[in-house]
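*Asks:* My file is data05.json. It has JSON, C-alpha atoms and all ligand atoms:
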[["chain", "number", "residue", "atom", "x", "y", "z"],
["O", 1, "ARG", "CA", 91.34, 102.90, 87.35],
["O", 2, "ASP", "CA", 91.03, 103.89, 91.00],
["O", 3, "GLY", "CA", 93.55, 101.41, 92.34],
["O", 4, "GLY", "CA", 96.36, 102.79, 90.15],
["O", 5, "GLU", "CA", 97.69, 101.96, 86.71],
["O", 6, "LEU", "CA", 97.84, 98.28, 85.85],
["O", 7, "ARG", "CA", 100.55, 96.86, 83.59],
["O", 8, "VAL", "CA", 100.29, 93.16, 82.78],
["O", 9, "PHE", "CA", 103.06, 91.32, 80.90],
["O", 10, "VAL", "CA", 103.14, 87.92, 79.25],
["O", 11, "ASP", "CA", 106.22, 86.94, 81.21],
["O", 12, "THR", "CA", 108.81, 88.20, 83.66],
["O", 13, "ASP", "CA", 111.22, 89.03, 80.83],
["O", 14, "GLU", "CA", 108.82, 91.58, 79.32],
["O", 15, "LEU", "CA", 107.98, 92.84, 82.78],
["O", 16, "SER", "CA", 111.61, 93.41, 83.67],
["O", 17, "THR", "CA", 112.26, 95.30, 80.42],
["O", 18, "ASP", "CA", 109.38, 97.68, 81.12],
["O", 19, "LEU", "CA", 110.34, 97.98, 84.79],
["O", 20, "ALA", "CA", 113.88, 99.03, 83.82],
["O", 21, "ASP", "CA", 112.45, 101.63, 81.41],
["O", 22, "TYR", "CA", 110.06, 102.93, 84.05],
["O", 23, "ILE", "CA", 112.78, 103.31, 86.68],
["O", 24, "ALA", "CA", 115.23, 104.89, 84.21],
["O", 25, "GLU", "CA", 112.60, 107.41, 83.10],
["O", 26, "LEU", "CA", 111.70, 108.39, 86.66],
["O", 27, "SER", "CA", 115.38, 108.71, 87.52],
["O", 28, "GLU", "CA", 115.98, 110.99, 84.53],
["O", 29, "ALA", "CA", 112.93, 113.15, 85.31],
["O", 30, "SER", "CA", 113.86, 113.48, 88.95],
["O", 31, "VAL", "CA", 117.53, 114.32, 88.29],
["O", 32, "LYS", "CA", 116.38, 116.94, 85.79],
["O", 33, "GLU", "CA", 113.93, 118.45, 88.25],
["O", 34, "ARG", "CA", 115.77, 118.19, 91.57],
["O", 35, "GLY", "CA", 119.31, 117.09, 90.75],
["O", 36, "VAL", "CA", 118.94, 113.79, 92.64],
["O", 37, "PHE", "CA", 116.86, 110.59, 92.66],
["O", 38, "ALA", "CA", 115.71, 109.20, 96.02],
["O", 39, "ILE", "CA", 114.62, 105.60, 95.65],
["O", 40, "ALA", "CA", 113.56, 103.03, 98.25],
["O", 41, "LEU", "CA", 113.88, 99.34, 97.45],
["O", 42, "SER", "CA", 112.33, 96.14, 98.75],
["O", 43, "GLY", "CA", 113.75, 92.63, 98.82],
["O", 44, "GLY", "CA", 112.44, 89.44, 97.26],
["O", 45, "SER", "CA", 112.36, 88.87, 93.53],
["O", 46, "LEU", "CA", 112.21, 92.62, 92.87],
["O", 47, "ILE", "CA", 115.99, 92.98, 92.76],
["O", 48, "SER", "CA", 116.48, 90.36, 90.07],
["O", 49, "LEU", "CA", 113.52, 91.82, 88.16],
["O", 50, "MET", "CA", 115.45, 95.13, 88.19],
["O", 51, "GLY", "CA", 118.48, 93.33, 86.75],
["O", 52, "LYS", "CA", 118.25, 94.88, 83.27],
["O", 53, "LEU", "CA", 119.34, 98.19, 84.81],
["O", 54, "CYS", "CA", 122.81, 96.66, 85.15],
["O", 55, "GLU", "CA", 122.98, 96.06, 81.40],
["O", 56, "ALA", "CA", 123.24, 98.27, 78.33],
["O", 57, "PRO", "CA", 121.95, 100.86, 77.75],
["O", 58, "TYR", "CA", 120.89, 101.62, 81.35],
["O", 59, "ASN", "CA", 124.24, 100.87, 82.99],
["O", 60, "LYS", "CA", 125.62, 103.82, 81.00],
["O", 61, "THR", "CA", 122.59, 106.09, 80.54],
["O", 62, "VAL", "CA", 121.25, 106.16, 84.10],
["O", 63, "ASP", "CA", 122.87, 108.90, 86.21],
["O", 64, "TRP", "CA", 123.85, 106.51, 89.01],
["O", 65, "ALA", "CA", 125.90, 109.13, 90.87],
["O", 66, "LYS", "CA", 122.67, 111.01, 91.57],
["O", 67, "TRP", "CA", 120.90, 108.03, 93.15],
["O", 68, "TYR", "CA", 120.22, 108.04, 96.90],
["O", 69, "ILE", "CA", 119.26, 104.54, 97.91],
["O", 70, "PHE", "CA", 117.11, 103.44, 100.84],
["O", 71, "TRP", "CA", 115.34, 100.28, 101.91],
["O", 72, "VAL", "CA", 111.60, 100.04, 102.42],
["O", 73, "ASP", "CA", 112.22, 97.26, 104.91],
["O", 74, "GLU", "CA", 115.04, 95.18, 106.26],
["O", 75, "ARG", "CA", 115.39, 92.01, 108.22],
["O", 76, "VAL", "CA", 117.37, 92.50, 111.43],
["O", 77, "VAL", "CA", 120.32, 90.26, 110.52],
["O", 78, "ALA", "CA", 123.98, 90.92, 109.72],
["O", 79, "LYS", "CA", 124.61, 92.70, 106.43],
["O", 80, "ASN", "CA", 126.42, 89.67, 105.05],
["O", 81, "HIS", "CA", 123.65, 87.27, 106.09],
["O", 82, "VAL", "CA", 121.77, 85.47, 103.32],
["O", 83, "ASP", "CA", 118.48, 86.99, 104.64],
["O", 84, "SER", "CA", 119.73, 90.59, 104.42],
["O", 85, "ASN", "CA", 117.93, 92.80, 101.89],
["O", 86, "TYR", "CA", 121.06, 94.95, 101.79],
["O", 87, "LYS", "CA", 123.17, 91.95, 100.74],
["O", 88, "LEU", "CA", 120.60, 90.92, 98.14],
["O", 89, "THR", "CA", 120.60, 94.43, 96.67],
["O", 90, "LYS", "CA", 124.36, 94.81, 96.82],
["O", 91, "ASP", "CA", 125.02, 91.51, 95.09],
["O", 92, "GLY", "CA", 122.24, 91.88, 92.53],
["O", 93, "LEU", "CA", 122.45, 95.58, 91.69],
["O", 94, "LEU", "CA", 124.66, 97.96, 93.62],
["O", 95, "SER", "CA", 127.93, 96.12, 93.00],
["O", 96, "LYS", "CA", 127.28, 96.26, 89.26],
["O", 97, "VAL", "CA", 126.59, 99.96, 88.75],
["O", 98, "PRO", "CA", 128.53, 103.09, 89.77],
["O", 99, "VAL", "CA", 126.44, 104.26, 92.73],
["O", 100, "VAL", "CA", 128.18, 106.47, 95.30],
["O", 101, "PRO", "CA", 128.77, 104.44, 98.49],
["O", 102, "SER", "CA", 127.88, 107.38, 100.76],
["O", 103, "HIS", "CA", 124.48, 107.64, 99.05],
["O", 104, "VAL", "CA", 123.59, 104.07, 100.04],
["O", 105, "HIS", "CA", 121.55, 104.24, 103.26],
["O", 106, "SER", "CA", 121.51, 100.74, 104.59],
["O", 107, "ILE", "CA", 120.25, 99.85, 108.03],
["O", 108, "ASN", "CA", 122.58, 99.45, 110.99],
["O", 109, "ASP", "CA", 123.04, 95.73, 111.65],
["O", 110, "THR", "CA", 124.97, 96.03, 114.90],
["O", 111, "VAL", "CA", 122.16, 97.25, 117.17],
["O", 112, "SER", "CA", 118.68, 96.18, 118.27],
["O", 113, "ALA", "CA", 115.70, 96.42, 115.92],
["O", 114, "GLU", "CA", 114.36, 99.32, 117.96],
["O", 115, "LYS", "CA", 117.63, 101.26, 117.76],
["O", 116, "ALA", "CA", 118.14, 100.43, 114.08],
["O", 117, "ALA", "CA", 114.67, 101.81, 113.28],
["O", 118, "ALA", "CA", 115.32, 104.99, 115.31],
["O", 119, "ASP", "CA", 118.75, 105.49, 113.70],
["O", 120, "TYR", "CA", 117.35, 104.99, 110.22],
["O", 121, "GLU", "CA", 114.54, 107.47, 110.84],
["O", 122, "PHE", "CA", 117.10, 109.96, 112.16],
["O", 123, "VAL", "CA", 119.15, 109.70, 108.97],
["O", 124, "LEU", "CA", 116.01, 110.02, 106.88],
["O", 125, "ARG", "CA", 114.97, 113.16, 108.80],
["O", 126, "GLN", "CA", 118.37, 114.73, 108.08],
["O", 127, "LEU", "CA", 118.09, 113.96, 104.38],
["O", 128, "VAL", "CA", 114.59, 115.41, 104.29],
["O", 129, "ARG", "CA", 115.87, 118.53, 106.02],
["O", 130, "THR", "CA", 118.51, 118.98, 103.32],
["O", 131, "ARG", "CA", 115.97, 118.00, 100.62],
["O", 132, "VAL", "CA", 117.98, 115.09, 99.30],
["O", 133, "VAL", "CA", 114.61, 113.46, 99.88],
["O", 134, "SER", "CA", 111.70, 115.81, 99.13],
["O", 135, "VAL", "CA", 109.05, 116.54, 101.69],
["O", 136, "SER", "CA", 105.34, 115.98, 101.28],
["O", 137, "ASP", "CA", 103.33, 119.17, 100.93],
["O", 138, "ILE", "CA", 100.49, 117.78, 103.03],
["O", 139, "SER", "CA", 102.39, 116.25, 105.95],
["O", 140, "ASP", "CA", 105.98, 116.37, 107.12],
["O", 141, "CYS", "CA", 106.61, 112.95, 105.57],
["O", 142, "PRO", "CA", 109.44, 112.18, 103.15],
["O", 143, "LYS", "CA", 108.32, 112.19, 99.54],
["O", 144, "PHE", "CA", 110.47, 109.59, 97.80],
["O", 145, "ASP", "CA", 110.82, 109.94, 94.06],
["O", 146, "LEU", "CA", 110.13, 106.22, 93.82],
["O", 147, "ILE", "CA", 109.22, 103.46, 96.25],
["O", 148, "LEU", "CA", 109.39, 99.92, 94.88],
["O", 149, "LEU", "CA", 107.41, 97.19, 96.62],
["O", 150, "GLY", "CA", 106.92, 93.47, 96.18],
["O", 151, "MET", "CA", 103.89, 91.65, 97.56],
["O", 152, "GLY", "CA", 103.72, 88.33, 99.36],
["O", 153, "PRO", "CA", 101.01, 85.70, 98.74],
["O", 154, "ASP", "CA", 99.38, 86.91, 101.99],
["O", 155, "GLY", "CA", 99.13, 90.45, 100.60],
["O", 156, "HIS", "CA", 101.95, 91.90, 102.71],
["O", 157, "VAL", "CA", 104.10, 94.72, 101.41],
["O", 158, "ALA", "CA", 107.30, 96.03, 103.03],
["O", 159, "SER", "CA", 107.22, 94.32, 106.47],
["O", 160, "LEU", "CA", 103.58, 95.32, 106.91],
["O", 161, "PHE", "CA", 101.74, 92.04, 107.45],
["O", 162, "PRO", "CA", 97.96, 91.43, 107.51],
["O", 163, "ASN", "CA", 96.21, 92.43, 110.75],
["O", 164, "HIS", "CA", 99.42, 93.76, 112.32],
["O", 165, "SER", "CA", 99.13, 96.83, 114.54],
["O", 166, "VAL", "CA", 101.87, 98.68, 112.59],
["O", 167, "LEU", "CA", 99.34, 99.10, 109.79],
["O", 168, "ASP", "CA", 97.77, 101.76, 112.03],
["O", 169, "GLU", "CA", 101.00, 103.68, 112.65],
["O", 170, "LYS", "CA", 100.44, 107.32, 111.77],
["O", 171, "LYS", "CA", 103.35, 109.15, 113.39],
["O", 172, "GLU", "CA", 106.57, 107.20, 112.94],
["O", 173, "TRP", "CA", 108.27, 107.01, 109.54],
["O", 174, "VAL", "CA", 110.21, 103.87, 110.36],
["O", 175, "THR", "CA", 109.15, 101.25, 112.84],
["O", 176, "PHE", "CA", 110.18, 97.77, 113.90],
["O", 177, "ILE", "CA", 108.43, 94.49, 114.52],
["O", 178, "THR", "CA", 109.62, 91.44, 116.42],
["O", 179, "ASP", "CA", 106.79, 89.10, 115.45],
["O", 180, "SER", "CA", 106.94, 88.83, 111.67],
["O", 181, "PRO", "CA", 104.86, 85.82, 110.56],
["O", 182, "LYS", "CA", 107.53, 85.28, 107.92],
["O", 183, "SER", "CA", 111.05, 84.55, 109.14],
["O", 184, "PRO", "CA", 113.13, 86.31, 110.31],
["O", 185, "PRO", "CA", 110.84, 87.71, 113.03],
["O", 186, "GLU", "CA", 112.69, 90.98, 113.65],
["O", 187, "ARG", "CA", 112.37, 93.60, 110.94],
["O", 188, "ILE", "CA", 112.33, 97.29, 110.45],
["O", 189, "THR", "CA", 109.96, 98.86, 107.96],
["O", 190, "PHE", "CA", 108.68, 102.08, 106.48],
["O", 191, "THR", "CA", 105.17, 102.85, 107.67],
["O", 192, "LEU", "CA", 102.16, 103.42, 105.41],
["O", 193, "PRO", "CA", 102.33, 107.24, 105.72],
["O", 194, "VAL", "CA", 105.82, 107.18, 104.18],
["O", 195, "ILE", "CA", 104.83, 104.78, 101.42],
["O", 196, "ASN", "CA", 101.73, 106.80, 100.61],
["O", 197, "SER", "CA", 103.61, 110.11, 100.52],
["O", 198, "ALA", "CA", 105.91, 109.03, 97.68],
["O", 199, "SER", "CA", 105.73, 110.66, 94.25],
["O", 200, "ASN", "CA", 105.68, 107.23, 92.63],
["O", 201, "VAL", "CA", 104.97, 103.78, 94.04],
["O", 202, "ALA", "CA", 105.33, 100.58, 92.03],
["O", 203, "VAL", "CA", 104.12, 97.19, 93.25],
["O", 204, "VAL", "CA", 105.89, 94.44, 91.34],
["O", 205, "VAL", "CA", 104.23, 91.02, 91.56],
["O", 206, "THR", "CA", 105.01, 87.82, 89.70],
["O", 207, "GLY", "CA", 103.95, 84.19, 89.98],
["O", 208, "SER", "CA", 100.72, 82.27, 90.51],
["O", 209, "SER", "CA", 101.11, 82.15, 94.31],
["O", 210, "LYS", "CA", 100.13, 85.84, 94.34],
["O", 211, "ALA", "CA", 97.10, 85.51, 92.03],
["O", 212, "ASP", "CA", 94.53, 85.31, 94.86],
["O", 213, "ALA", "CA", 95.93, 88.33, 96.70],
["O", 214, "VAL", "CA", 96.14, 90.32, 93.44],
["O", 215, "HIS", "CA", 92.48, 89.48, 92.78],
["O", 216, "THR", "CA", 91.48, 90.45, 96.33],
["O", 217, "VAL", "CA", 93.27, 93.78, 96.19],
["O", 218, "LEU", "CA", 92.68, 94.92, 92.62],
["O", 219, "ASP", "CA", 89.16, 93.57, 92.17],
["O", 220, "MET", "CA", 88.27, 95.27, 95.48],
["O", 221, "VAL", "CA", 87.02, 92.07, 97.11],
["O", 222, "GLU", "CA", 85.58, 92.80, 100.55],
["O", 223, "THR", "CA", 87.64, 91.25, 103.36],
["O", 224, "GLU", "CA", 87.28, 91.53, 107.11],
["O", 225, "SER", "CA", 90.38, 93.70, 107.28],
["O", 226, "PRO", "CA", 92.03, 95.10, 104.18],
["O", 227, "LEU", "CA", 95.18, 93.41, 102.92],
["O", 228, "PRO", "CA", 98.26, 95.61, 103.44],
["O", 229, "ALA", "CA", 98.71, 95.96, 99.65],
["O", 230, "LYS", "CA", 95.25, 97.49, 99.43],
["O", 231, "LEU", "CA", 96.35, 100.20, 101.86],
["O", 232, "VAL", "CA", 99.00, 101.32, 99.38],
["O", 233, "GLN", "CA", 97.21, 104.38, 98.04],
["O", 234, "PRO", "CA", 99.56, 107.28, 97.39],
["O", 235, "THR", "CA", 97.82, 110.49, 98.47],
["O", 236, "LYS", "CA", 99.12, 112.55, 95.57],
["O", 237, "GLY", "CA", 101.63, 110.25, 93.90],
["O", 238, "LYS", "CA", 101.23, 107.77, 91.06],
["O", 239, "LEU", "CA", 100.72, 104.06, 91.71],
["O", 240, "VAL", "CA", 101.64, 101.45, 89.10],
["O", 241, "TRP", "CA", 101.14, 97.69, 89.46],
["O", 242, "PHE", "CA", 103.50, 95.51, 87.41],
["O", 243, "LEU", "CA", 102.11, 91.98, 87.05],
["O", 244, "ASP", "CA", 103.11, 88.96, 85.02],
["O", 245, "SER", "CA", 100.32, 86.87, 83.51],
["O", 246, "ALA", "CA", 100.52, 84.29, 86.32],
["O", 247, "ALA", "CA", 99.99, 86.91, 89.02],
["O", 248, "ALA", "CA", 97.18, 88.47, 86.97],
["O", 249, "SER", "CA", 95.50, 85.14, 86.19],
["O", 250, "LYS", "CA", 92.60, 85.58, 88.64],
["O", 251, "LEU", "CA", 91.89, 89.22, 87.86],
["O", 252, "GLU", "CA", 88.36, 90.00, 86.74],
["O", 253, "SER", "CA", 88.87, 93.65, 86.07],
["O", 254, "ILE", "CA", 91.10, 93.47, 82.98],
["C", 1, "LIG", "C1", 110.51, 89.34, 103.10],
["C", 1, "LIG", "C2", 110.39, 89.31, 101.60],
["C", 1, "LIG", "C3", 109.00, 89.67, 101.17],
["C", 1, "LIG", "C4", 108.91, 89.74, 99.67],
["C", 1, "LIG", "C5", 107.53, 89.41, 99.21],
["C", 1, "LIG", "C6", 107.51, 89.24, 97.71],
["C", 1, "LIG", "O1", 111.02, 90.32, 103.61],
["C", 1, "LIG", "O2", 110.08, 88.37, 103.70],
["C", 1, "LIG", "O3", 111.32, 90.18, 101.04],
["C", 1, "LIG", "O4", 108.55, 90.84, 101.76],
["C", 1, "LIG", "O5", 109.26, 91.00, 99.19],
["C", 1, "LIG", "O6", 107.12, 88.24, 99.83],
["C", 1, "LIG", "O7", 108.56, 88.40, 97.40],
["C", 1, "LIG", "P1", 108.83, 87.80, 95.97],
["C", 1, "LIG", "O8", 108.73, 88.94, 95.04],
["C", 1, "LIG", "O9", 110.19, 87.20, 96.05],
["C", 1, "LIG", "O10", 107.77, 86.79, 95.78]]
Transcribe the structure of this file into structure tokens.
*Replies:*
Amino acid sequence: RDGGELRVFVDTDELSTDLADYIAELSEASVKERGVFAIALSGGSLISLMGKLCEAPYNKTVDWAKWYIFWVDERVVAKNHVDSNYKLTKDGLLSKVPVVPSHVHSINDTVSAEKAAADYEFVLRQLVRTRVVSVSDISDCPKFDLILLGMGPDGHVASLFPNHSVLDEKKEWVTFITDSPKSPPERITFTLPVINSASNVAVVVTGSSKADAVHTVLDMVETESPLPAKLVQPTKGKLVWFLDSAAASKLESI
């Protein structure tokens, strides 16, 4: 299908088993090919859906020391704040597996959103220069081995919300917003060019509150302006949608 591969599961348990397999396989392939695995994570339910990676066999078989970890987006709050995507990921995943602390590229929480975005992009540019993160062969953009996204009921991905001007950003890799319709208002986020330059992008969506947006995006329903999730179209990479049956319940095209 044009909009990427679609994987629909009876429940979140089956979904999370397949998601763990998918991530472990991409990690193995990338470590074999390039010696490292550069992955960017989102917040929300995604982290608990990745939870099986902390259990056998993955906790032992995945080459955690080769992981370089980034965030697709972050709320501009302290790292120990309940709204922090870093905290969510640390508590739910990173504290349970042997990742290398210096490979964990969290976002500076002691500066303004603007400065945090600039600092994060600077770090990313250095890691692209040293090829810890690959580079796209059609632009100068980072080519992550895997970018994992959730999707909100409004069709947002990362901190790219419907009708927001950052959807048009072509130059910056990382940008910031101060008017998020979902609290907290200040966020930093990867831009669409970065998301669409990845080798692999997975959109992981569960629950009936997302069924309308899933239908709109995947059944190609015409809307005045496209939902952000519809703009996730990797130029050369592979796109996979992971849905549970509730999120897929309004799909016509399966
Ligand atoms: C945020 C959330 C948000 C979330 C999606 C999907 O930053 O406000 O993290 O972007 O990822 O709304 O969330 P769920 O998977 O938890 O429904």
*Asks:* How many Å separate atom O9 of ligand LIG 1 (chain C) from CA of Asp73 in chain O?
*Replies:*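 One can read the atom O9 of ligand LIG 1 (chain C) to CA of Asp73 in chain O distance as 13.6 Å.
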*Asks:* Could you state the separation of CA of Leu231 in chain O and CA of Leu167 in chain O in Å, given to one decimal place?
*Replies:* 8.5 Å
*Asks:* Ligand LIG 1 (chain C): which residues are within 8 Å, counting all atoms listed in the file? Reply as a list in words.
*Replies:*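 Taking all atoms listed in the file into account, the residues around ligand LIG 1 (chain C) at most 8 Å away are Ser42, Gly43, Gly44, Ser45, Leu46, Asp73, Glu74, Arg75, Asn85, Leu149, Gly150, Met151, Gly152, Pro153, His156, Val157, Ala158, Ser159, Lys182, Ser183, Pro184, Val204, Val205, Thr206, Gly207 and Lys210 of chain O.
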*Asks:* Could the residues in this selection be saved with C-alpha atoms as a CSV table (one decimal), in the frame of the given file?
*Replies:*
chain,number,residue,atom,x,y,z
O,42,SER,CA,112.3,96.1,98.8
O,43,GLY,CA,113.8,92.6,98.8
O,44,GLY,CA,112.4,89.4,97.3
O,45,SER,CA,112.4,88.9,93.5
O,46,LEU,CA,112.2,92.6,92.9
O,73,ASP,CA,112.2,97.3,104.9
O,74,GLU,CA,115.0,95.2,106.3
O,75,ARG,CA,115.4,92.0,108.2
O,85,ASN,CA,117.9,92.8,101.9
O,149,LEU,CA,107.4,97.2,96.6
O,150,GLY,CA,106.9,93.5,96.2
O,151,MET,CA,103.9,91.6,97.6
O,152,GLY,CA,103.7,88.3,99.4
O,153,PRO,CA,101.0,85.7,98.7
O,156,HIS,CA,102.0,91.9,102.7
O,157,VAL,CA,104.1,94.7,101.4
O,158,ALA,CA,107.3,96.0,103.0
O,159,SER,CA,107.2,94.3,106.5
O,182,LYS,CA,107.5,85.3,107.9
O,183,SER,CA,111.0,84.6,109.1
O,184,PRO,CA,113.1,86.3,110.3
O,204,VAL,CA,105.9,94.4,91.3
O,205,VAL,CA,104.2,91.0,91.6
O,206,THR,CA,105.0,87.8,89.7
O,207,GLY,CA,104.0,84.2,90.0
O,210,LYS,CA,100.1,85.8,94.3
*Asks:* When distances are computed from all atoms listed in the file, which of O:Glu25, O:Asp13, O:Asp145, O:Glu33 shows the smallest separation from Ala198 in chain O?
*Replies:* O:Asp145
*Asks:* With a distance cut-off of 10 Å and all atoms listed in the file, select the neighbouring residues of Asp18 in chain O, excluding the residue or stretch itself and same-chain residues fewer than 4 positions from it, and output the selection as a VMD selection string.
*Replies:* chain O and resid 7 9 12 to 14 22 to 24 50 52 242
*Asks:* Would you mind telling me which residue in O:Leu251, O:Val132, O:Ile188, O:Leu148 lies nearest to Val232 in chain O when using all atoms listed in the file?
*Replies:*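 Closest residue, counting all atoms listed in the file: O:Leu148.
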*Asks:* For the atom pair CA of Asn108 in chain O and CA of Ser95 in chain O, what is the interatomic distance in Å to one decimal place?
*Replies:* 19.1 Å
*Asks:* For Val128 in chain O, please output as a ChimeraX atom specification all residues within 12 Å (counting only C-alpha atoms; exclusion window: fewer than 5 positions along the same chain).
*Replies:* /O:38,68,121-123,133-136,140-144,173
*Asks:* Deliver the residues from the most recent selection as a file, using C-alpha atoms, as a PDB file, in the frame of the given file.
*Replies:*
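See again_38.pdb below for the written result:
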ATOM      1  CA  ALA O  38     115.710 109.200  96.020  1.00  0.00           C
ATOM      2  CA  TYR O  68     120.220 108.040  96.900  1.00  0.00           C
ATOM      3  CA  GLU O 121     114.540 107.470 110.840  1.00  0.00           C
ATOM      4  CA  PHE O 122     117.100 109.960 112.160  1.00  0.00           C
ATOM      5  CA  VAL O 123     119.150 109.700 108.970  1.00  0.00           C
ATOM      6  CA  VAL O 133     114.610 113.460  99.880  1.00  0.00           C
ATOM      7  CA  SER O 134     111.700 115.810  99.130  1.00  0.00           C
ATOM      8  CA  VAL O 135     109.050 116.540 101.690  1.00  0.00           C
ATOM      9  CA  SER O 136     105.340 115.980 101.280  1.00  0.00           C
ATOM     10  CA  ASP O 140     105.980 116.370 107.120  1.00  0.00           C
ATOM     11  CA  CYS O 141     106.610 112.950 105.570  1.00  0.00           C
ATOM     12  CA  PRO O 142     109.440 112.180 103.150  1.00  0.00           C
ATOM     13  CA  LYS O 143     108.320 112.190  99.540  1.00  0.00           C
ATOM     14  CA  PHE O 144     110.470 109.590  97.800  1.00  0.00           C
ATOM     15  CA  TRP O 173     108.270 107.010 109.540  1.00  0.00           C
TER      16      TRP O 173
END
*Asks:* For Arg187 in chain O, which of O:Lys60, O:Arg34, O:Lys87, O:Lys115 is the closest residue, counting only C-alpha atoms?
*Replies:*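 Selected residue with least distance to Arg187 in chain O: O:Lys115.
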*Asks:* Skipping near chain neighbours, those fewer than 3 positions away, what residues fall within 9 Å of Pro234 in chain O using all atoms listed in the file, listed as a list in words?
*Replies:*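 Residues near the query, excluding close chain neighbours: Pro193, Ile195, Asn196, Ser197, Ala198, Ser199, Asn200, Val201, Leu231, Gly237, Lys238 and Leu239 of chain O.
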*Asks:* Near Lys32 in chain O, counting all atoms listed in the file, which residues have an atom at most 12 Å away, once you skip same-chain residues fewer than 4 positions from it, shown as a count of residues only?
*Replies:* 9
